[in-house]
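Single-structure report; data block below.
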Amino acid sequence: MLQRIAGVLVPLFSLRTTGDLGRGEISGLVPMADFALAMGHREIQLLPIDETAPGETSSYSAMSVLAIDPLYISARALDGIGVSDIEAAREIAGPGNPPDAVRLKAAMMDLLGKSVRHFAAKASPGDRRAFEEFVHRHREWLQDYTIFRALKEKFRWSEWSSWPDGLNRRDPGALKIAARELAHEIFTYTYIQFVAHRQWSQARAELARRGVLLGGDLGFSPARESAEVWANQEMFDLARTVGAPPDAFSKNGQRWGLPMLNWARMRAAGFSLIRTRIRHARELYDLLRIDHVVGLFRTYAFQIHSAALGSFDPPDEADQRAQGEEIIRAAKAEAGPLEIFAEDLGLIPPFVRKSLEALGVPGYKVMRWERDWTVAGQPFIDPATYPELSVATTGTHDTETMAEWWRDASPDERSQFAASLKLGAALDPAPAALDDRAIDAILGSLYAGPSRLTIAPVQDLFGWYDRINTPGTVNDANWKWRLPFALDRFRDDPPLVKRVAALRAIASRTRRI
């Protein structure tokens, strides 16, 4: 069982280090681990790092759920790249922090193009062997991904269903011809993934040396325009799209644009695609969060060309429970030492949480949502009563920050929250703004509880208001937030160092170190 530890949630794109190109990169995980350790936190929880298509900012709608986004590659660590190349890339990327995503991608691809040419001409025998070993080890998905990526470029990012007959249907003869014609492009995208995974392995080894665990996030499904859907068309019902049923926030439900999975065919194939994703995650992470776990039990789907409400698949509760448990067992069978926990938030039928508990999979406890809804006044539930098999948290990447929630809550709700958590004098009176005293009292209550793992968004550790994503909105603020300081220079900021020490004291006092 996972040790009793505290983790910090921070997207990879949010990391900031001196010398980066204006966006978080893989090498930033090492100073992030040092920062986490200084706070007494031994786990870094990331969002998906999957590659997205141009114009798509959310990694929950990925062009591949197996390929690492090239934007995360650390440019300064690329072979064949010098200081002048980095400066030229900064000029291409332009101003802004983060810079415009399209310009940044162009800058990174220029650097990667030069690096791949250097590799082709000057790679050592050891590097060539490592490249060949990478290709062999990842052949299960790499060949489909690289040819898909090359074809997307060739056909100017048009939908794969509009590609010439043979390529859209994956006729072996047509694919063989395309692979020959696009050999250079395929080699380039293979090299890019080789570099990304190599840098990842190096960073993860450094984290392991420090005793810091790395957590990943398994998005529910690849996007329709993804390598995995194109390569496994029979596993998806492309006439339907996944979403959420009507609720108090959306009278018509939510359409997410993700393709509906064909559960009958998935089952007949032994859930092979899900197993592949778990095996791949096992190479990258120590812990894995399964997003939208209820969708594995019952998936709400709409007909794409109909305004009618959707329906659950499968429709029967007994079948839903059987399906979810079968998929979770398959995931655990592939996980090995990888610790799995489930995002079970929202409108979750009781049987889902019972199944997760029976299978030994922790679910979430978001303290502001944990209330006794059967009692007048709906008091908050003390984290001291949470089950040990749970992940306790102050919020997620989709919620408002704790500082936002506190600011917008009524004085009565703030006082009730303090009373329910038995914070007593520590929050008497409950301040109108969330100061360090209030944050420390709340975190102390959460961390002192029995939950094996606590994960706090980094904003909630410092009382910041900036959020990662606002669901249901598309704007320039989503999926772009960055830390307000360089991780490799955090010790140069005395107030920050003082706050870090206070957080470490909380983790120590609650036996999470």
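Chain labels run A, B, ... following the order of the structure tokens; each chain numbers its residues from 1, and ligands are numbered from 1 in the order shown.
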Requested in this report: Please identify all polymer residues within 7 Å of Val458 (chain A), counting only C-alpha atoms, omitting same-chain residues fewer than 4 positions from it, and present them as a ChimeraX atom specification.
Outcome: /A:8-10,462
Requested in this report: Using only C-alpha atoms, determine which residues lie at most 8 Å from region 205-211 of chain A, disregarding the query and same-chain residues fewer than 2 positions distant; provide the list as a list of chain:residue names.
Outcome: A:Leu29, A:Val30, A:Ala33, A:Arg42, A:Ser201, A:Gln202, A:Ala203, A:Leu213, A:Leu214
Query raised in the report: Within 10 Å of region 149-166 of chain A, counting only C-alpha atoms, which residues qualify if same-chain residues fewer than 5 places away don't, as a PyMOL selection string?
Result: chain A and resi 53-54+63-64+143-144+171-175+178-179+182-190+224-227+229-230
Save the residues we just selected, C-alpha atoms, as a PDB file, in the first residue's frame?
ATOM      1  CA  ALA A  53      -3.307  19.175 -32.250  1.00  0.00           C
ATOM      2  CA  PRO A  54      -2.678  22.806 -33.267  1.00  0.00           C
ATOM      3  CA  MET A  63      -4.052  13.832 -30.703  1.00  0.00           C
ATOM      4  CA  SER A  64      -2.332  10.869 -29.098  1.00  0.00           C
ATOM      5  CA  GLN A 143       4.407   3.081 -35.835  1.00  0.00           C
ATOM      6  CA  ASP A 144       0.733   4.063 -35.939  1.00  0.00           C
ATOM      7  CA  ASP A 171      -5.416  -0.315 -46.295  1.00  0.00           C
ATOM      8  CA  PRO A 172      -2.042  -2.104 -45.811  1.00  0.00           C
ATOM      9  CA  GLY A 173      -0.929  -1.359 -49.365  1.00  0.00           C
ATOM     10  CA  ALA A 174      -1.735   2.336 -49.098  1.00  0.00           C
ATOM     11  CA  LEU A 175       0.010   2.560 -45.722  1.00  0.00           C
ATOM     12  CA  ALA A 178       2.740   6.336 -47.542  1.00  0.00           C
ATOM     13  CA  ALA A 179       5.427   5.025 -45.185  1.00  0.00           C
ATOM     14  CA  LEU A 182       7.020   9.966 -45.793  1.00  0.00           C
ATOM     15  CA  ALA A 183      10.053   8.112 -44.472  1.00  0.00           C
ATOM     16  CA  HIS A 184      11.910  11.281 -43.436  1.00  0.00           C
ATOM     17  CA  GLU A 185       8.887  12.709 -41.612  1.00  0.00           C
ATOM     18  CA  ILE A 186       8.234   9.405 -39.864  1.00  0.00           C
ATOM     19  CA  PHE A 187      11.872   9.221 -38.774  1.00  0.00           C
ATOM     20  CA  THR A 188      11.626  12.785 -37.445  1.00  0.00           C
ATOM     21  CA  TYR A 189       8.545  12.089 -35.336  1.00  0.00           C
ATOM     22  CA  THR A 190      10.093   8.867 -34.095  1.00  0.00           C
ATOM     23  CA  ARG A 224     -11.616  11.707 -32.521  1.00  0.00           C
ATOM     24  CA  GLU A 225      -8.757  13.161 -34.585  1.00  0.00           C
ATOM     25  CA  SER A 226      -6.143  11.031 -32.860  1.00  0.00           C
ATOM     26  CA  ALA A 227      -3.689   8.338 -33.835  1.00  0.00           C
ATOM     27  CA  VAL A 229      -8.885   6.345 -32.964  1.00  0.00           C
ATOM     28  CA  TRP A 230      -7.604   6.253 -36.552  1.00  0.00           C
TER      29      TRP A 230
END
Report task. In Å, rounded to a single decimal, give me how far CA of Phe194 (chain A) is from CA of Val135 (chain A). Result ->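 We find that CA of Val135 (chain A) and CA of Phe194 (chain A) lie 7.9 Å from each other.
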Report task. Mind the document's chain letters and residue numbers, and return as a PyMOL selection string the residues of region 68-248 of chain A that DSSP labels alpha helix (DSSP H). Result -> chain A and resi 83-93+101-122+125-137+139-154+172-181+183-210+227-231
Grab the residues selected above and save them as a short mmCIF file (atom, residue, chain, number, x, y, z; two decimals), in the first residue's frame with C-alpha atoms.
data_model
loop_
_atom_site.label_atom_id
_atom_site.label_comp_id
_atom_site.auth_asym_id
_atom_site.auth_seq_id
_atom_site.Cartn_x
_atom_site.Cartn_y
_atom_site.Cartn_z
CA VAL A 83 23.22 28.87 -27.39
CA SER A 84 22.65 30.73 -30.66
CA ASP A 85 19.97 28.20 -31.67
CA ILE A 86 18.14 28.76 -28.37
CA GLU A 87 18.26 32.53 -28.83
CA ALA A 88 16.93 32.17 -32.36
CA ALA A 89 14.10 30.02 -31.01
CA ARG A 90 13.24 32.73 -28.48
CA GLU A 91 12.94 35.20 -31.35
CA ILE A 92 10.57 32.85 -33.21
CA ALA A 93 8.49 32.16 -30.09
CA ALA A 101 1.43 28.42 -28.69
CA VAL A 102 1.64 28.38 -32.50
CA ARG A 103 4.85 30.40 -32.53
CA LEU A 104 6.32 28.35 -29.70
CA LYS A 105 5.55 25.12 -31.57
CA ALA A 106 7.26 26.51 -34.69
CA ALA A 107 10.32 27.43 -32.63
CA MET A 108 10.50 24.01 -31.02
CA MET A 109 10.07 22.18 -34.33
CA ASP A 110 12.95 24.22 -35.80
CA LEU A 111 15.18 23.11 -32.92
CA LEU A 112 14.05 19.50 -33.21
CA GLY A 113 14.63 19.54 -36.97
CA LYS A 114 18.22 20.64 -36.43
CA SER A 115 18.68 18.05 -33.68
CA VAL A 116 17.36 15.20 -35.82
CA ARG A 117 19.74 16.15 -38.63
CA HIS A 118 22.61 16.14 -36.14
CA PHE A 119 21.52 12.71 -34.90
CA ALA A 120 21.29 11.28 -38.42
CA ALA A 121 24.80 12.49 -39.24
CA LYS A 122 26.72 12.24 -35.97
CA PRO A 125 26.82 3.90 -31.82
CA GLY A 126 25.41 3.89 -28.29
CA ASP A 127 22.78 6.50 -29.15
CA ARG A 128 21.81 4.60 -32.28
CA ARG A 129 21.37 1.41 -30.26
CA ALA A 130 19.27 3.30 -27.72
CA PHE A 131 17.12 4.66 -30.56
CA GLU A 132 16.60 1.20 -32.02
CA GLU A 133 15.75 -0.22 -28.60
CA PHE A 134 13.20 2.57 -28.07
CA VAL A 135 11.56 1.84 -31.42
CA HIS A 136 11.39 -1.87 -30.64
CA ARG A 137 10.05 -1.40 -27.11
CA ARG A 139 6.41 -0.63 -31.53
CA GLU A 140 2.92 -1.35 -30.14
CA TRP A 141 1.90 2.28 -30.70
CA LEU A 142 4.83 4.18 -32.21
CA GLN A 143 4.41 3.08 -35.84
CA ASP A 144 0.73 4.06 -35.94
CA TYR A 145 1.44 7.38 -34.24
CA THR A 146 4.34 8.46 -36.46
CA ILE A 147 2.62 7.72 -39.76
CA PHE A 148 -0.58 9.37 -38.50
CA ARG A 149 1.41 12.44 -37.47
CA ALA A 150 3.12 12.58 -40.86
CA LEU A 151 -0.19 12.18 -42.72
CA LYS A 152 -1.79 14.94 -40.65
CA GLU A 153 0.96 17.30 -41.82
CA LYS A 154 0.73 16.07 -45.42
CA PRO A 172 -2.04 -2.10 -45.81
CA GLY A 173 -0.93 -1.36 -49.37
CA ALA A 174 -1.73 2.34 -49.10
CA LEU A 175 0.01 2.56 -45.72
CA LYS A 176 3.12 0.89 -47.14
CA ILE A 177 3.31 3.43 -49.96
CA ALA A 178 2.74 6.34 -47.54
CA ALA A 179 5.43 5.02 -45.18
CA ARG A 180 7.92 4.98 -48.07
CA GLU A 181 6.99 8.46 -49.29
CA ALA A 183 10.05 8.11 -44.47
CA HIS A 184 11.91 11.28 -43.44
CA GLU A 185 8.89 12.71 -41.61
CA ILE A 186 8.23 9.41 -39.86
CA PHE A 187 11.87 9.22 -38.77
CA THR A 188 11.63 12.78 -37.45
CA TYR A 189 8.55 12.09 -35.34
CA THR A 190 10.09 8.87 -34.10
CA TYR A 191 13.21 10.76 -33.05
CA ILE A 192 11.11 13.41 -31.28
CA GLN A 193 9.40 10.74 -29.16
CA PHE A 194 12.75 9.07 -28.52
CA VAL A 195 14.14 12.34 -27.17
CA ALA A 196 11.03 13.11 -25.12
CA HIS A 197 10.95 9.68 -23.49
CA ARG A 198 14.70 9.71 -22.91
CA GLN A 199 14.51 13.08 -21.15
CA TRP A 200 11.54 11.80 -19.17
CA SER A 201 13.43 8.70 -18.02
CA GLN A 202 16.37 10.84 -16.94
CA ALA A 203 14.14 13.21 -14.97
CA ARG A 204 12.24 10.35 -13.37
CA ALA A 205 15.51 8.73 -12.29
CA GLU A 206 16.51 12.00 -10.59
CA LEU A 207 13.15 12.10 -8.80
CA ALA A 208 13.54 8.51 -7.68
CA ARG A 209 17.00 9.32 -6.31
CA ARG A 210 15.37 12.05 -4.22
CA ALA A 227 -3.69 8.34 -33.83
CA GLU A 228 -5.38 5.83 -31.53
CA VAL A 229 -8.88 6.34 -32.96
CA TRP A 230 -7.60 6.25 -36.55
CA ALA A 231 -5.63 3.08 -35.81
#
Query - Contacts of Thr18 (chain A) within 10 Å, only C-alpha atoms, excl. fewer than 6 positions in-chain, as a PyMOL selection string - result: chain A and resi 28+485-489
Next, write the just-selected residues to a file, as an mmCIF file, in the first residue's frame, keeping N, CA and C atoms as the atom set.
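Listing of out-v8.cif after writing:
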data_model
loop_
_atom_site.group_PDB
_atom_site.id
_atom_site.type_symbol
_atom_site.label_atom_id
_atom_site.label_comp_id
_atom_site.auth_asym_id
_atom_site.auth_seq_id
_atom_site.Cartn_x
_atom_site.Cartn_y
_atom_site.Cartn_z
ATOM 1 N N GLY A 28 12.304 20.613 -15.942
ATOM 2 C CA GLY A 28 11.797 21.361 -14.794
ATOM 3 C C GLY A 28 11.270 20.481 -13.685
ATOM 4 N N PHE A 485 7.370 32.218 -10.083
ATOM 5 C CA PHE A 485 8.797 32.297 -9.774
ATOM 6 C C PHE A 485 9.512 31.124 -10.441
ATOM 7 N N ALA A 486 10.820 31.263 -10.629
ATOM 8 C CA ALA A 486 11.623 30.190 -11.209
ATOM 9 C C ALA A 486 11.971 29.175 -10.127
ATOM 10 N N LEU A 487 11.666 27.923 -10.387
ATOM 11 C CA LEU A 487 11.865 26.872 -9.388
ATOM 12 C C LEU A 487 13.324 26.741 -8.969
ATOM 13 N N ASP A 488 14.225 26.932 -9.908
ATOM 14 C CA ASP A 488 15.635 26.788 -9.573
ATOM 15 C C ASP A 488 16.205 27.994 -8.837
ATOM 16 N N ARG A 489 15.352 28.994 -8.565
ATOM 17 C CA ARG A 489 15.795 30.175 -7.820
ATOM 18 C C ARG A 489 14.899 30.456 -6.614
#
Query raised in the report: Between A:Leu287, A:Ala419, A:Ala77, A:Thr299, which one has atoms that come closest to Ile44 (chain A), using only C-alpha atoms?
Result: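 The closest residue to Ile44 (chain A) is A:Leu287.
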Using only C-alpha atoms, what table do you get, as a tab-separated table, when you list each residue of region 307-359 of chain A with an atom no more than 10 Å from region 235-255 of chain A, its nearest pair of atoms, and their distance in Å rounded to one decimal, rows by chain then rising number?
residue	atom	partner	partner_atom	distance
A:Ala307	CA	A:Asn252	CA	9.1
A:Ala308	CA	A:Asn252	CA	8.7
A:Leu309	CA	A:Asn252	CA	6.7
A:Gly310	CA	A:Pro245	CA	7.1
A:Ser311	CA	A:Pro245	CA	7.8
A:Phe312	CA	A:Pro245	CA	8.7
A:Gly346	CA	A:Ala244	CA	9.9
A:Leu347	CA	A:Asp247	CA	8.7
